[in-house]
>>> print(open('data08.txt').read())   # compact mmCIF, C-alpha atoms
# COMPACT_ATOMS: atom_id res chain seq x y z
CA MET A 1 -123.20 7.41 -38.75
CA PRO A 2 -121.41 6.85 -35.61
CA ALA A 3 -117.74 7.87 -35.46
CA LEU A 4 -115.25 5.01 -35.71
CA ALA A 5 -113.26 4.32 -32.56
CA SER A 6 -109.56 5.04 -32.84
CA HIS A 7 -107.30 1.96 -32.80
CA ARG A 8 -104.27 3.94 -31.56
CA LYS A 9 -103.19 3.18 -28.01
CA PRO A 10 -103.20 6.13 -25.71
CA ARG A 11 -99.67 7.47 -24.97
CA THR A 12 -98.47 6.36 -21.61
CA ARG A 13 -97.20 9.20 -19.50
CA VAL A 14 -94.03 8.46 -17.61
CA ARG A 15 -93.91 10.04 -14.24
CA ALA A 16 -90.64 11.34 -12.93
CA THR A 17 -89.66 9.27 -9.93
CA ALA A 18 -87.80 10.41 -6.84
CA PRO A 19 -85.22 7.67 -6.27
CA ALA A 20 -82.38 9.73 -7.80
CA VAL A 21 -83.12 12.58 -5.47
CA GLY A 22 -83.26 10.18 -2.57
CA LEU A 23 -79.90 8.65 -3.53
CA THR A 24 -78.28 12.07 -3.77
CA SER A 25 -79.61 13.01 -0.36
CA ALA A 26 -78.25 9.79 1.07
CA ALA A 27 -74.81 10.45 -0.44
CA LEU A 28 -74.73 13.97 0.96
CA ALA A 29 -75.74 12.64 4.34
CA SER A 30 -72.89 10.11 4.21
CA VAL A 31 -70.37 12.78 3.29
CA THR A 32 -71.64 15.00 6.09
CA LEU A 33 -71.41 12.13 8.56
CA LEU A 34 -67.87 11.27 7.48
CA SER A 35 -66.85 14.92 7.73
CA SER A 36 -68.29 15.13 11.21
CA GLN A 37 -66.48 11.97 12.22
CA SER A 38 -63.19 13.35 10.82
CA ALA A 39 -63.66 16.61 12.65
CA MET A 40 -64.39 14.73 15.87
CA ALA A 41 -61.43 12.36 15.40
CA ALA A 42 -58.80 12.55 18.11
CA PRO A 43 -55.76 14.73 17.22
CA ALA A 44 -52.43 13.06 16.55
CA PRO A 45 -50.75 12.06 19.80
CA LYS A 46 -48.15 14.48 21.06
CA PRO A 47 -44.61 13.12 20.66
CA SER A 48 -42.80 12.03 23.77
CA ILE A 49 -39.82 13.97 25.08
CA GLU A 50 -37.56 11.16 23.88
CA GLU A 51 -39.03 11.49 20.39
CA VAL A 52 -38.61 15.26 20.50
CA GLN A 53 -34.98 14.85 21.56
CA LYS A 54 -34.31 12.43 18.72
CA LYS A 55 -36.06 14.68 16.21
CA VAL A 56 -34.12 17.77 17.33
CA ASP A 57 -30.83 15.88 17.24
CA ASP A 58 -31.63 14.64 13.73
CA LEU A 59 -32.49 18.15 12.57
CA TYR A 60 -29.25 19.56 13.95
CA ARG A 61 -27.32 16.73 12.29
CA GLN A 62 -29.10 17.44 8.99
CA ALA A 63 -28.25 21.11 9.45
CA GLY A 64 -24.63 20.07 9.96
CA THR A 65 -24.69 18.12 6.71
CA ALA A 66 -26.26 21.07 4.91
CA THR A 67 -23.57 23.32 6.42
CA GLN A 68 -20.84 21.14 4.93
CA LYS A 69 -22.58 21.33 1.55
CA TYR A 70 -22.71 25.10 1.95
CA ASN A 71 -18.99 25.19 2.81
CA GLN A 72 -18.23 23.00 -0.21
CA ALA A 73 -20.31 25.21 -2.53
CA LYS A 74 -18.77 28.39 -1.13
CA GLU A 75 -15.25 27.03 -1.62
CA ALA A 76 -16.08 26.06 -5.21
CA THR A 77 -17.63 29.47 -5.83
CA ASP A 78 -14.59 31.32 -4.49
CA LYS A 79 -12.20 29.22 -6.59
CA GLN A 80 -14.32 29.63 -9.71
CA LYS A 81 -14.58 33.39 -9.21
CA THR A 82 -10.79 33.62 -8.95
CA LYS A 83 -10.45 31.58 -12.14
CA VAL A 84 -12.98 33.77 -13.96
CA ASP A 85 -11.21 36.96 -12.87
CA THR A 86 -7.88 35.56 -14.11
CA LEU A 87 -9.38 34.54 -17.45
CA LEU A 88 -10.99 37.94 -17.93
CA ASP A 89 -7.62 39.60 -17.26
CA ASP A 90 -5.99 37.27 -19.80
CA VAL A 91 -8.69 38.08 -22.35
CA ALA A 92 -8.07 41.80 -21.87
CA LYS A 93 -4.31 41.36 -22.36
CA ARG A 94 -4.82 39.15 -25.40
CA THR A 95 -7.23 41.66 -26.90
CA ALA A 96 -4.57 44.36 -26.51
CA LYS A 97 -2.11 42.15 -28.43
CA VAL A 98 -4.69 41.62 -31.18
CA ASN A 99 -5.13 45.38 -31.46
CA ASP A 100 -1.34 45.84 -31.67
CA ALA A 101 -1.11 43.26 -34.46
CA ARG A 102 -4.01 44.91 -36.25
CA ARG A 103 -2.26 48.31 -36.09
CA THR A 104 0.93 46.79 -37.49
CA LEU A 105 -0.98 45.35 -40.43
CA GLY A 106 -2.68 48.67 -40.92
CA ASN A 107 0.69 50.45 -41.10
CA TYR A 108 1.94 48.00 -43.75
CA ALA A 109 -1.21 48.43 -45.78
CA ALA A 110 -1.02 52.21 -45.57
CA ALA A 111 2.64 52.26 -46.63
CA GLN A 112 1.93 49.98 -49.58
CA TYR A 113 -0.98 52.14 -50.67
CA ARG A 114 1.01 55.32 -50.25
CA ASP A 115 4.21 54.19 -52.02
CA GLY A 116 2.64 51.95 -54.62
CA ALA A 117 4.47 48.97 -56.18
CA LEU A 118 6.48 48.57 -59.44
CA ALA A 119 6.69 45.48 -61.55
CA PRO A 120 10.05 43.63 -61.35
CA THR A 121 10.88 44.53 -65.04
CA ALA A 122 10.38 48.24 -64.42
CA THR A 123 12.46 48.05 -61.27
CA PHE A 124 15.31 46.39 -63.24
CA PHE A 125 15.41 49.11 -65.92
CA LEU A 126 15.15 51.96 -63.43
CA ALA A 127 17.96 50.61 -61.26
CA ASP A 128 21.37 52.28 -61.54
CA ASP A 129 23.04 48.90 -62.03
CA PRO A 130 22.18 45.20 -61.74
CA GLN A 131 23.55 45.03 -58.17
CA SER A 132 21.18 47.80 -57.08
CA PHE A 133 18.30 45.84 -58.60
CA PHE A 134 19.18 42.72 -56.64
CA ASP A 135 19.66 44.74 -53.45
CA GLN A 136 16.21 46.33 -53.87
CA THR A 137 14.65 42.94 -54.61
CA HIS A 138 16.20 41.42 -51.50
CA LEU A 139 14.95 44.34 -49.41
CA MET A 140 11.42 43.94 -50.81
CA ASP A 141 11.51 40.21 -50.04
CA ARG A 142 12.47 40.92 -46.44
CA MET A 143 9.65 43.47 -46.14
CA ALA A 144 7.22 40.91 -47.54
CA GLU A 145 8.43 38.40 -44.93
CA ARG A 146 7.79 40.94 -42.17
CA GLN A 147 4.32 41.57 -43.53
CA GLN A 148 3.63 37.84 -43.60
CA GLN A 149 4.89 37.53 -40.02
CA ALA A 150 2.57 40.38 -39.02
CA VAL A 151 -0.37 38.59 -40.64
CA THR A 152 0.54 35.32 -38.90
CA GLU A 153 0.93 37.07 -35.54
CA PHE A 154 -2.45 38.75 -35.97
CA ARG A 155 -4.18 35.46 -36.75
CA THR A 156 -2.48 33.71 -33.82
CA GLN A 157 -3.43 36.42 -31.35
CA GLN A 158 -6.97 36.51 -32.69
CA ALA A 159 -7.37 32.73 -32.32
CA GLN A 160 -5.96 32.79 -28.78
CA ALA A 161 -8.30 35.63 -27.84
CA SER A 162 -11.31 33.70 -29.13
CA LYS A 163 -10.25 30.60 -27.20
CA GLN A 164 -9.81 32.51 -23.95
CA ARG A 165 -13.15 34.27 -24.40
CA ALA A 166 -14.82 30.87 -24.79
CA GLU A 167 -13.09 29.61 -21.62
CA ALA A 168 -14.22 32.72 -19.75
CA VAL A 169 -17.83 32.21 -20.86
CA LYS A 170 -17.73 28.55 -19.77
CA SER A 171 -16.19 29.48 -16.42
CA LEU A 172 -18.87 32.11 -15.88
CA GLU A 173 -21.53 29.46 -16.46
CA THR A 174 -19.84 27.18 -13.91
CA LEU A 175 -19.66 30.09 -11.48
CA THR A 176 -23.40 30.64 -11.87
CA GLU A 177 -24.04 26.96 -11.10
CA SER A 178 -21.83 27.14 -8.00
CA GLN A 179 -23.65 30.25 -6.79
CA THR A 180 -26.99 28.48 -7.26
CA ALA A 181 -25.76 25.50 -5.22
CA LEU A 182 -24.54 27.93 -2.56
CA ARG A 183 -27.96 29.56 -2.27
CA THR A 184 -29.69 26.16 -2.12
CA SER A 185 -27.38 24.90 0.62
CA LYS A 186 -27.88 28.08 2.62
CA GLN A 187 -31.66 27.71 2.39
CA ASN A 188 -31.45 24.07 3.49
CA VAL A 189 -29.44 24.99 6.58
CA GLN A 190 -31.90 27.71 7.54
CA THR A 191 -34.88 25.38 6.99
CA LYS A 192 -33.50 22.65 9.28
CA LEU A 193 -32.60 25.11 12.01
CA THR A 194 -36.04 26.73 11.83
CA GLU A 195 -37.69 23.31 12.19
CA ALA A 196 -35.59 22.51 15.25
CA ARG A 197 -36.30 25.88 16.90
CA THR A 198 -40.03 25.56 16.17
CA LEU A 199 -40.14 22.10 17.72
CA LEU A 200 -38.36 23.30 20.86
CA SER A 201 -40.53 26.41 21.16
CA LYS A 202 -43.68 24.27 21.51
CA LEU A 203 -42.43 22.54 24.65
CA THR A 204 -43.82 23.50 28.03
CA ALA A 205 -41.53 24.47 30.89
CA GLU A 206 -41.94 20.99 32.39
CA GLU A 207 -41.13 19.32 29.06
CA LYS A 208 -38.05 21.50 28.61
CA ALA A 209 -36.87 20.47 32.07
CA ARG A 210 -37.34 16.78 31.18
CA LEU A 211 -35.46 17.33 27.91
CA ALA A 212 -32.60 18.96 29.81
CA GLU A 213 -32.51 15.96 32.16
CA LEU A 214 -32.23 13.61 29.17
CA GLU A 215 -29.34 15.70 27.86
CA ARG A 216 -27.59 15.47 31.23
CA LYS A 217 -27.96 11.69 31.23
CA LYS A 218 -26.60 11.52 27.68
CA GLU A 219 -23.62 13.69 28.65
CA ALA A 220 -22.97 11.61 31.76
CA GLU A 221 -22.92 8.37 29.77
CA ALA A 222 -20.60 9.92 27.18
CA LYS A 223 -18.30 11.14 29.96
CA ARG A 224 -18.24 7.66 31.52
CA LYS A 225 -17.10 6.15 28.23
CA ALA A 226 -14.44 8.87 27.89
CA GLU A 227 -13.10 8.01 31.34
CA GLU A 228 -12.89 4.33 30.35
CA LEU A 229 -10.91 5.26 27.24
CA ALA A 230 -8.62 7.47 29.33
CA LYS A 231 -7.88 4.55 31.68
CA LYS A 232 -7.12 2.22 28.79
CA GLN A 233 -4.84 4.80 27.15
CA ALA A 234 -3.04 5.46 30.43
CA ALA A 235 -2.50 1.74 30.92
CA ALA A 236 -1.22 1.35 27.37
CA LYS A 237 1.14 4.29 27.84
CA LYS A 238 2.46 2.84 31.08
CA GLU A 239 3.04 -0.54 29.46
CA ALA A 240 4.82 1.06 26.52
CA ALA A 241 7.08 3.00 28.90
CA ARG A 242 7.86 -0.18 30.85
CA LYS A 243 8.86 -2.05 27.67
CA ALA A 244 10.97 0.88 26.54
CA ALA A 245 12.84 0.85 29.85
CA GLU A 246 13.67 -2.85 29.60
CA PRO A 247 17.16 -3.87 28.37
CA GLY A 248 17.07 -3.98 24.59
CA GLY A 249 13.91 -1.83 24.51
CA SER A 250 13.30 0.33 21.48
CA GLY A 251 13.01 3.49 23.50
CA THR A 252 9.91 4.35 21.51
CA GLU A 253 6.44 4.85 22.90
CA THR A 254 3.41 4.13 20.78
CA GLY A 255 -0.26 4.99 20.94
CA SER A 256 -2.39 6.33 23.82
CA GLY A 257 -1.44 9.94 23.39
CA SER A 258 2.31 9.52 23.50
CA GLY A 259 4.52 10.32 20.53
CA SER A 260 7.71 8.78 19.26
CA GLY A 261 11.02 9.75 20.75
CA SER A 262 12.37 10.52 17.30
CA GLY A 263 12.70 13.95 15.80
CA SER A 264 9.60 13.46 13.67
CA GLY A 265 7.63 12.48 16.78
CA SER A 266 8.84 15.59 18.55
CA SER A 267 7.77 17.72 15.58
CA ALA A 268 4.31 16.10 15.56
CA SER A 269 3.98 16.71 19.29
CA THR A 270 4.89 20.37 18.87
CA LYS A 271 2.26 20.78 16.14
CA ALA A 272 -0.36 19.07 18.29
CA GLU A 273 0.44 21.44 21.17
CA LYS A 274 -0.09 24.44 18.87
CA VAL A 275 -3.36 22.96 17.59
CA LEU A 276 -4.70 22.48 21.11
CA ALA A 277 -3.46 25.85 22.32
CA PHE A 278 -5.37 27.51 19.50
CA ALA A 279 -8.48 25.42 20.09
CA ARG A 280 -8.51 26.16 23.83
CA ALA A 281 -8.30 29.88 23.09
CA GLN A 282 -11.53 29.62 21.08
CA ILE A 283 -13.58 28.02 23.85
CA GLY A 284 -16.66 30.13 24.54
CA LYS A 285 -16.95 31.54 21.02
CA PRO A 286 -20.28 30.87 19.30
CA TYR A 287 -20.97 28.26 16.66
CA VAL A 288 -22.08 29.92 13.42
CA TRP A 289 -22.59 27.76 10.35
CA GLY A 290 -20.21 28.65 7.55
CA ALA A 291 -17.89 30.60 9.89
CA THR A 292 -14.11 30.19 9.91
CA GLY A 293 -13.19 32.65 12.68
CA PRO A 294 -11.91 34.57 14.37
CA ALA A 295 -15.13 35.57 16.19
CA SER A 296 -17.10 32.38 15.50
CA TYR A 297 -16.72 28.94 13.90
CA ASP A 298 -18.53 25.96 12.56
CA CYS A 299 -17.04 22.53 13.32
CA SER A 300 -14.74 22.17 10.31
CA GLY A 301 -13.91 25.87 10.33
CA LEU A 302 -12.47 25.45 13.84
CA THR A 303 -10.40 22.36 12.96
CA GLN A 304 -9.05 24.02 9.81
CA ALA A 305 -8.07 27.18 11.71
CA ALA A 306 -6.47 25.20 14.56
CA TRP A 307 -4.24 23.17 12.26
CA LYS A 308 -3.39 26.26 10.24
CA ALA A 309 -2.12 27.81 13.48
CA ALA A 310 0.28 24.87 13.63
CA GLY A 311 1.47 25.54 10.08
CA VAL A 312 -0.56 22.79 8.42
CA ASP A 313 -3.17 23.54 5.75
CA ILE A 314 -6.11 21.14 5.68
CA PRO A 315 -9.26 21.33 3.51
CA ARG A 316 -12.40 23.22 4.45
CA THR A 317 -15.08 20.52 4.72
CA THR A 318 -15.32 17.45 6.94
CA TRP A 319 -15.64 15.29 3.82
CA ASP A 320 -12.22 16.46 2.62
CA GLN A 321 -10.55 16.68 6.03
CA VAL A 322 -11.24 13.00 6.72
CA LYS A 323 -9.12 12.12 3.68
CA VAL A 324 -5.92 13.82 4.84
CA GLY A 325 -3.13 12.36 6.96
CA THR A 326 -3.26 8.92 8.57
CA ARG A 327 -6.32 7.00 9.75
CA ILE A 328 -6.19 6.34 13.50
CA ALA A 329 -8.09 3.85 15.67
CA THR A 330 -10.04 5.36 18.57
CA ALA A 331 -7.84 3.53 21.08
CA ASP A 332 -4.74 5.12 19.55
CA LEU A 333 -5.95 8.72 19.50
CA GLN A 334 -3.42 11.40 20.41
CA PRO A 335 -3.96 15.09 21.19
CA GLY A 336 -4.52 17.09 18.01
CA ASP A 337 -6.08 14.22 16.06
CA LEU A 338 -9.38 14.89 14.31
CA VAL A 339 -12.41 12.79 15.28
CA PHE A 340 -15.32 12.58 12.82
CA PHE A 341 -18.92 11.72 13.60
CA TYR A 342 -22.04 10.23 12.02
CA ASP A 343 -22.23 8.01 8.95
CA ASP A 344 -22.38 11.06 6.68
CA ILE A 345 -19.23 12.57 8.32
CA SER A 346 -21.06 15.81 9.05
CA HIS A 347 -19.21 16.76 12.25
CA VAL A 348 -15.62 16.90 13.50
CA GLY A 349 -13.76 17.75 16.71
CA ILE A 350 -10.15 18.03 17.94
CA TYR A 351 -9.04 15.31 20.35
CA LYS A 352 -7.44 16.73 23.51
CA GLY A 353 -6.78 13.52 25.41
CA ASP A 354 -8.59 11.43 28.03
CA GLY A 355 -11.50 10.71 25.71
CA MET A 356 -12.35 14.41 25.39
CA MET A 357 -12.38 16.82 22.46
CA ILE A 358 -12.75 20.52 21.71
CA HIS A 359 -15.36 21.27 19.06
CA ALA A 360 -17.91 23.75 17.79
CA PRO A 361 -21.08 21.73 18.53
CA LYS A 362 -24.15 23.25 16.87
CA PRO A 363 -26.15 26.48 16.43
CA GLY A 364 -26.98 28.05 19.77
CA ALA A 365 -23.93 26.50 21.46
CA ASN A 366 -20.38 27.71 22.00
CA VAL A 367 -17.03 26.06 21.34
CA ARG A 368 -16.47 23.70 24.28
CA GLU A 369 -14.85 20.55 25.61
CA GLU A 370 -16.94 17.39 25.40
CA SER A 371 -16.65 13.61 25.37
CA ILE A 372 -15.96 12.11 21.96
CA TYR A 373 -18.71 9.59 22.78
CA TYR A 374 -21.43 12.25 22.82
CA MET A 375 -22.05 11.43 19.14
CA PRO A 376 -21.54 8.24 17.12
CA ILE A 377 -17.91 8.13 15.96
CA TYR A 378 -17.20 7.61 12.27
CA GLY A 379 -13.41 7.56 12.42
CA SER A 380 -10.30 9.61 13.14
CA VAL A 381 -7.26 10.97 11.32
CA ARG A 382 -3.90 12.48 12.21
CA PRO A 383 -3.34 15.31 9.69
CA ALA A 384 0.44 15.54 10.24
>>> encode(input="data08.txt", output="structure tokens")
Amino acid sequence: MPALASHRKPRTRVRATAPAVGLTSAALASVTLLSSQSAMAAPAPKPSIEEVQKKVDDLYRQAGTATQKYNQAKEATDKQKTKVDTLLDDVAKRTAKVNDARRTLGNYAAAQYRDGALAPTATFFLADDPQSFFDQTHLMDRMAERQQQAVTEFRTQQAQASKQRAEAVKSLETLTESQTALRTSKQNVQTKLTEARTLLSKLTAEEKARLAELERKKEAEAKRKAEELAKKQAAAKKEAARKAAEPGGSGTETGSGSGSGSGSGSSASTKAEKVLAFARAQIGKPYVWGATGPASYDCSGLTQAAWKAAGVDIPRTTWDQVKVGTRIATADLQPGDLVFFYDDISHVGIYKGDGMMIHAPKPGANVREESIYYMPIYGSVRPA
């Protein structure tokens, strides 16, 4: 009997196709092509000398700002350290008082243990007479008062010692924060200066020469503006003198570098002379950020030292110096006035007259005379 044919359909074999492999190959080829194109892309254009000059100036200005933050942090650190040292001394003294009070209590306790105590009835019967009893009772009461005073003194000293220890711990924490801010500010200054030096080091000799020429043009323009201010101030001074000489004149000169004829004006003029004499003596000394003399200065370190030489104490940072004394318009500047620069008030110089100042410019430069128009002016003050 013939075998029956199977009604089951034969299993269809599915062949693995190659499109996936082809797609992957195409993707890899695209990535390779893009990579090749990126590698062959033209490098970023080299900045122009003008752009380099602007970048370097910005970096030095940022370094100046960071320097003021460093000065601020250092001042806070020094003050906090002094406070901590004082508190620790107070804690030591208070601890000694606590120990004294503790010894006093110990002496009372030892005496009471050694001598013992009698009940009031027994004391009455053992007394020679009633008056002796009352005398002994009064004496015991006074001793009890002294003991109570000793206990109170001990508790007071102990509480004060605990309070001062807590203050010392808090001050130490603040000191740690100030020291951290000091380290951060120092690092920021160094970073900005390194960036500026790196940028300058990449210039060719020809590019450095072009940069120097741009600096000369900038200085010449600043000097021209200073000369214009000097002429205006001279004219204003001459006009003030003419009015003062007229019948009924006040006899007082105002503005343009001339002081009042009064005693206070004479005193201010004397201080300004001392400020400028000190500043001139520092010309040629190097700028060093964070320095306050006598071998080197930063900008606010020089102004602080100069006014101190005139017997006037002003704060350490530009941000604090700009708040002292009287605000002065540029046209009314007089020798000794402080001129501040940039919107962030990160630089300061000492006005010497005729649109010029003495200042500690930046790292790599020395204390020198320069036009006040070399940098954008923020404002000016007369400290005293």
>>> atom_distance(input="data08.txt", atom1="CA of Thr270 in chain A", atom2="CA of Tyr297 in chain A")
23.8 Å
>>> residues_around(input="data08.txt", residues="Ala329 in chain A", least_positions_apart="3", cutoff="9 Å", atoms="only C-alpha atoms", output="ChimeraX atom specification")
/A:332-333,379-381
>>> atom_distance(input="data08.txt", atom1="CA of Lys238 in chain A", atom2="CA of Gly355 in chain A")
16.9 Å
>>> atom_distance(input="data08.txt", atom1="CA of His347 in chain A", atom2="CA of Arg327 in chain A")
16.4 Å
>>> residues_near_point(input="data08.txt", point="(-14.4, 30.8, -8.3)", cutoff="9 Å", atoms="all atoms listed in the file", output="ChimeraX atom specification")
/A:74-85,171-172,174-175,178
>>> write_last_selection(input="data08.txt", atoms="C-alpha atoms", output="short mmCIF file (atom, residue, chain, number, x, y, z; two decimals), keeping the file's coordinate frame")
data_model
loop_
_atom_site.label_atom_id
_atom_site.label_comp_id
_atom_site.auth_asym_id
_atom_site.auth_seq_id
_atom_site.Cartn_x
_atom_site.Cartn_y
_atom_site.Cartn_z
CA LYS A 74 -18.77 28.39 -1.13
CA GLU A 75 -15.25 27.03 -1.62
CA ALA A 76 -16.08 26.06 -5.21
CA THR A 77 -17.63 29.47 -5.83
CA ASP A 78 -14.59 31.32 -4.49
CA LYS A 79 -12.20 29.22 -6.59
CA GLN A 80 -14.32 29.63 -9.71
CA LYS A 81 -14.58 33.39 -9.21
CA THR A 82 -10.79 33.62 -8.95
CA LYS A 83 -10.45 31.58 -12.14
CA VAL A 84 -12.98 33.77 -13.96
CA ASP A 85 -11.21 36.96 -12.87
CA SER A 171 -16.19 29.48 -16.42
CA LEU A 172 -18.87 32.11 -15.88
CA THR A 174 -19.84 27.18 -13.91
CA LEU A 175 -19.66 30.09 -11.48
CA SER A 178 -21.83 27.14 -8.00
#
>>> residues_near_point(input="data08.txt", point="(-12.0, 22.1, 18.4)", cutoff="7 Å", atoms="all atoms listed in the file", output="list in words")
Ala279, Leu302, Thr303, Gly349, Ile350, Met357, Ile358, His359 and Ala360 of chain A
>>> axis_aligned_box(input="data08.txt", around="range 44-59 of chain A", padding_each_side="3 Å", output="JSON")
{"center_x": -41.6, "center_y": 14.7, "center_z": 18.8, "size_x": 27.6, "size_y": 13.0, "size_z": 18.5}
>>> residues_around(input="data08.txt", residues="range 211-228 of chain A", least_positions_apart="5", cutoff="10 Å", atoms="only C-alpha atoms", output="PyMOL selection string")
chain A and resi 48-50+52-53+200+203+205-206+233-234+353-357+370-375
>>> write_last_selection(input="data08.txt", atoms="C-alpha atoms", output="PDB file, in the coordinates of the input")
ATOM      1  CA  SER A  48     -42.800  12.030  23.770  1.00  0.00           C
ATOM      2  CA  ILE A  49     -39.820  13.970  25.080  1.00  0.00           C
ATOM      3  CA  GLU A  50     -37.560  11.160  23.880  1.00  0.00           C
ATOM      4  CA  VAL A  52     -38.610  15.260  20.500  1.00  0.00           C
ATOM      5  CA  GLN A  53     -34.980  14.850  21.560  1.00  0.00           C
ATOM      6  CA  LEU A 200     -38.360  23.300  20.860  1.00  0.00           C
ATOM      7  CA  LEU A 203     -42.430  22.540  24.650  1.00  0.00           C
ATOM      8  CA  ALA A 205     -41.530  24.470  30.890  1.00  0.00           C
ATOM      9  CA  GLU A 206     -41.940  20.990  32.390  1.00  0.00           C
ATOM     10  CA  GLN A 233      -4.840   4.800  27.150  1.00  0.00           C
ATOM     11  CA  ALA A 234      -3.040   5.460  30.430  1.00  0.00           C
ATOM     12  CA  GLY A 353      -6.780  13.520  25.410  1.00  0.00           C
ATOM     13  CA  ASP A 354      -8.590  11.430  28.030  1.00  0.00           C
ATOM     14  CA  GLY A 355     -11.500  10.710  25.710  1.00  0.00           C
ATOM     15  CA  MET A 356     -12.350  14.410  25.390  1.00  0.00           C
ATOM     16  CA  MET A 357     -12.380  16.820  22.460  1.00  0.00           C
ATOM     17  CA  GLU A 370     -16.940  17.390  25.400  1.00  0.00           C
ATOM     18  CA  SER A 371     -16.650  13.610  25.370  1.00  0.00           C
ATOM     19  CA  ILE A 372     -15.960  12.110  21.960  1.00  0.00           C
ATOM     20  CA  TYR A 373     -18.710   9.590  22.780  1.00  0.00           C
ATOM     21  CA  TYR A 374     -21.430  12.250  22.820  1.00  0.00           C
ATOM     22  CA  MET A 375     -22.050  11.430  19.140  1.00  0.00           C
TER      23      MET A 375
END
>>> closest_residue(input="data08.txt", among="A:Ala244, A:Ile377, A:Leu193, A:Ala306", to="Val56 in chain A", atoms="only C-alpha atoms")
A:Leu193
>>> closest_residue(input="data08.txt", among="A:Lys352, A:Lys202, A:Lys237, A:Arg280", to="Pro47 in chain A", atoms="only C-alpha atoms")
A:Lys202
>>> closest_residue(input="data08.txt", among="A:Trp289, A:Phe341, A:Phe278, A:Tyr70", to="Leu182 in chain A", atoms="all atoms listed in the file")
A:Tyr70
>>> closest_residue(input="data08.txt", among="A:Leu276, A:Val322, A:Val339, A:Ala181", to="Ala310 in chain A", atoms="only C-alpha atoms")
A:Leu276
>>> closest_residue(input="data08.txt", among="A:Ala66, A:Val324, A:Val275, A:Ala161", to="Gly336 in chain A", atoms="all atoms listed in the file")
A:Val275
>>> residues_around(input="data08.txt", residues="Ile314 in chain A", least_positions_apart="3", cutoff="9 Å", atoms="all atoms listed in the file", output="PyMOL selection string")
chain A and resi 303-305+307-308+320-321+324+383
>>> closest_residue(input="data08.txt", among="A:Glu195, A:Glu207, A:Glu239, A:Glu246", to="Lys55 in chain A", atoms="only C-alpha atoms")
A:Glu195
>>> residues_around(input="data08.txt", residues="Trp319 in chain A", least_positions_apart="3", cutoff="10 Å", atoms="only C-alpha atoms", output="PDB file with C-alpha atoms, keeping the file's coordinate frame")
ATOM      1  CA  THR A  65     -24.690  18.120   6.710  1.00  0.00           C
ATOM      2  CA  GLN A  68     -20.840  21.140   4.930  1.00  0.00           C
ATOM      3  CA  LYS A  69     -22.580  21.330   1.550  1.00  0.00           C
ATOM      4  CA  GLN A  72     -18.230  23.000  -0.210  1.00  0.00           C
ATOM      5  CA  SER A 300     -14.740  22.170  10.310  1.00  0.00           C
ATOM      6  CA  PRO A 315      -9.260  21.330   3.510  1.00  0.00           C
ATOM      7  CA  ARG A 316     -12.400  23.220   4.450  1.00  0.00           C
ATOM      8  CA  VAL A 322     -11.240  13.000   6.720  1.00  0.00           C
ATOM      9  CA  LYS A 323      -9.120  12.120   3.680  1.00  0.00           C
ATOM     10  CA  VAL A 324      -5.920  13.820   4.840  1.00  0.00           C
ATOM     11  CA  PHE A 340     -15.320  12.580  12.820  1.00  0.00           C
ATOM     12  CA  ASP A 344     -22.380  11.060   6.680  1.00  0.00           C
ATOM     13  CA  ILE A 345     -19.230  12.570   8.320  1.00  0.00           C
ATOM     14  CA  SER A 346     -21.060  15.810   9.050  1.00  0.00           C
ATOM     15  CA  HIS A 347     -19.210  16.760  12.250  1.00  0.00           C
ATOM     16  CA  VAL A 348     -15.620  16.900  13.500  1.00  0.00           C
TER      17      VAL A 348
END
>>> build_atoms(input="data08.txt", residues="range 365-371 of chain A", atoms="N, CA, C and O atoms", output="PDB file, in the coordinates of the input")
ATOM      1  N   ALA A 365     -24.924  26.952  20.478  1.00  0.00           N
ATOM      2  CA  ALA A 365     -23.930  26.500  21.460  1.00  0.00           C
ATOM      3  C   ALA A 365     -22.589  27.157  21.159  1.00  0.00           C
ATOM      4  O   ALA A 365     -22.359  27.670  20.054  1.00  0.00           O
ATOM      5  N   ASN A 366     -21.713  27.128  22.150  1.00  0.00           N
ATOM      6  CA  ASN A 366     -20.380  27.710  22.000  1.00  0.00           C
ATOM      7  C   ASN A 366     -19.321  26.618  21.877  1.00  0.00           C
ATOM      8  O   ASN A 366     -19.564  25.456  22.220  1.00  0.00           O
ATOM      9  N   VAL A 367     -18.157  26.994  21.393  1.00  0.00           N
ATOM     10  CA  VAL A 367     -17.030  26.060  21.340  1.00  0.00           C
ATOM     11  C   VAL A 367     -16.757  25.579  22.758  1.00  0.00           C
ATOM     12  O   VAL A 367     -16.701  26.385  23.701  1.00  0.00           O
ATOM     13  N   ARG A 368     -16.611  24.247  22.939  1.00  0.00           N
ATOM     14  CA  ARG A 368     -16.470  23.700  24.280  1.00  0.00           C
ATOM     15  C   ARG A 368     -15.748  22.362  24.261  1.00  0.00           C
ATOM     16  O   ARG A 368     -15.532  21.778  23.197  1.00  0.00           O
ATOM     17  N   GLU A 369     -15.397  21.889  25.449  1.00  0.00           N
ATOM     18  CA  GLU A 369     -14.850  20.550  25.610  1.00  0.00           C
ATOM     19  C   GLU A 369     -16.003  19.582  25.831  1.00  0.00           C
ATOM     20  O   GLU A 369     -16.978  19.905  26.511  1.00  0.00           O
ATOM     21  N   GLU A 370     -15.872  18.364  25.264  1.00  0.00           N
ATOM     22  CA  GLU A 370     -16.940  17.390  25.400  1.00  0.00           C
ATOM     23  C   GLU A 370     -16.380  15.992  25.121  1.00  0.00           C
ATOM     24  O   GLU A 370     -15.351  15.853  24.449  1.00  0.00           O
ATOM     25  N   SER A 371     -17.063  14.993  25.612  1.00  0.00           N
ATOM     26  CA  SER A 371     -16.650  13.610  25.370  1.00  0.00           C
ATOM     27  C   SER A 371     -16.795  13.279  23.886  1.00  0.00           C
ATOM     28  O   SER A 371     -17.769  13.692  23.236  1.00  0.00           O
TER      29      SER A 371
END
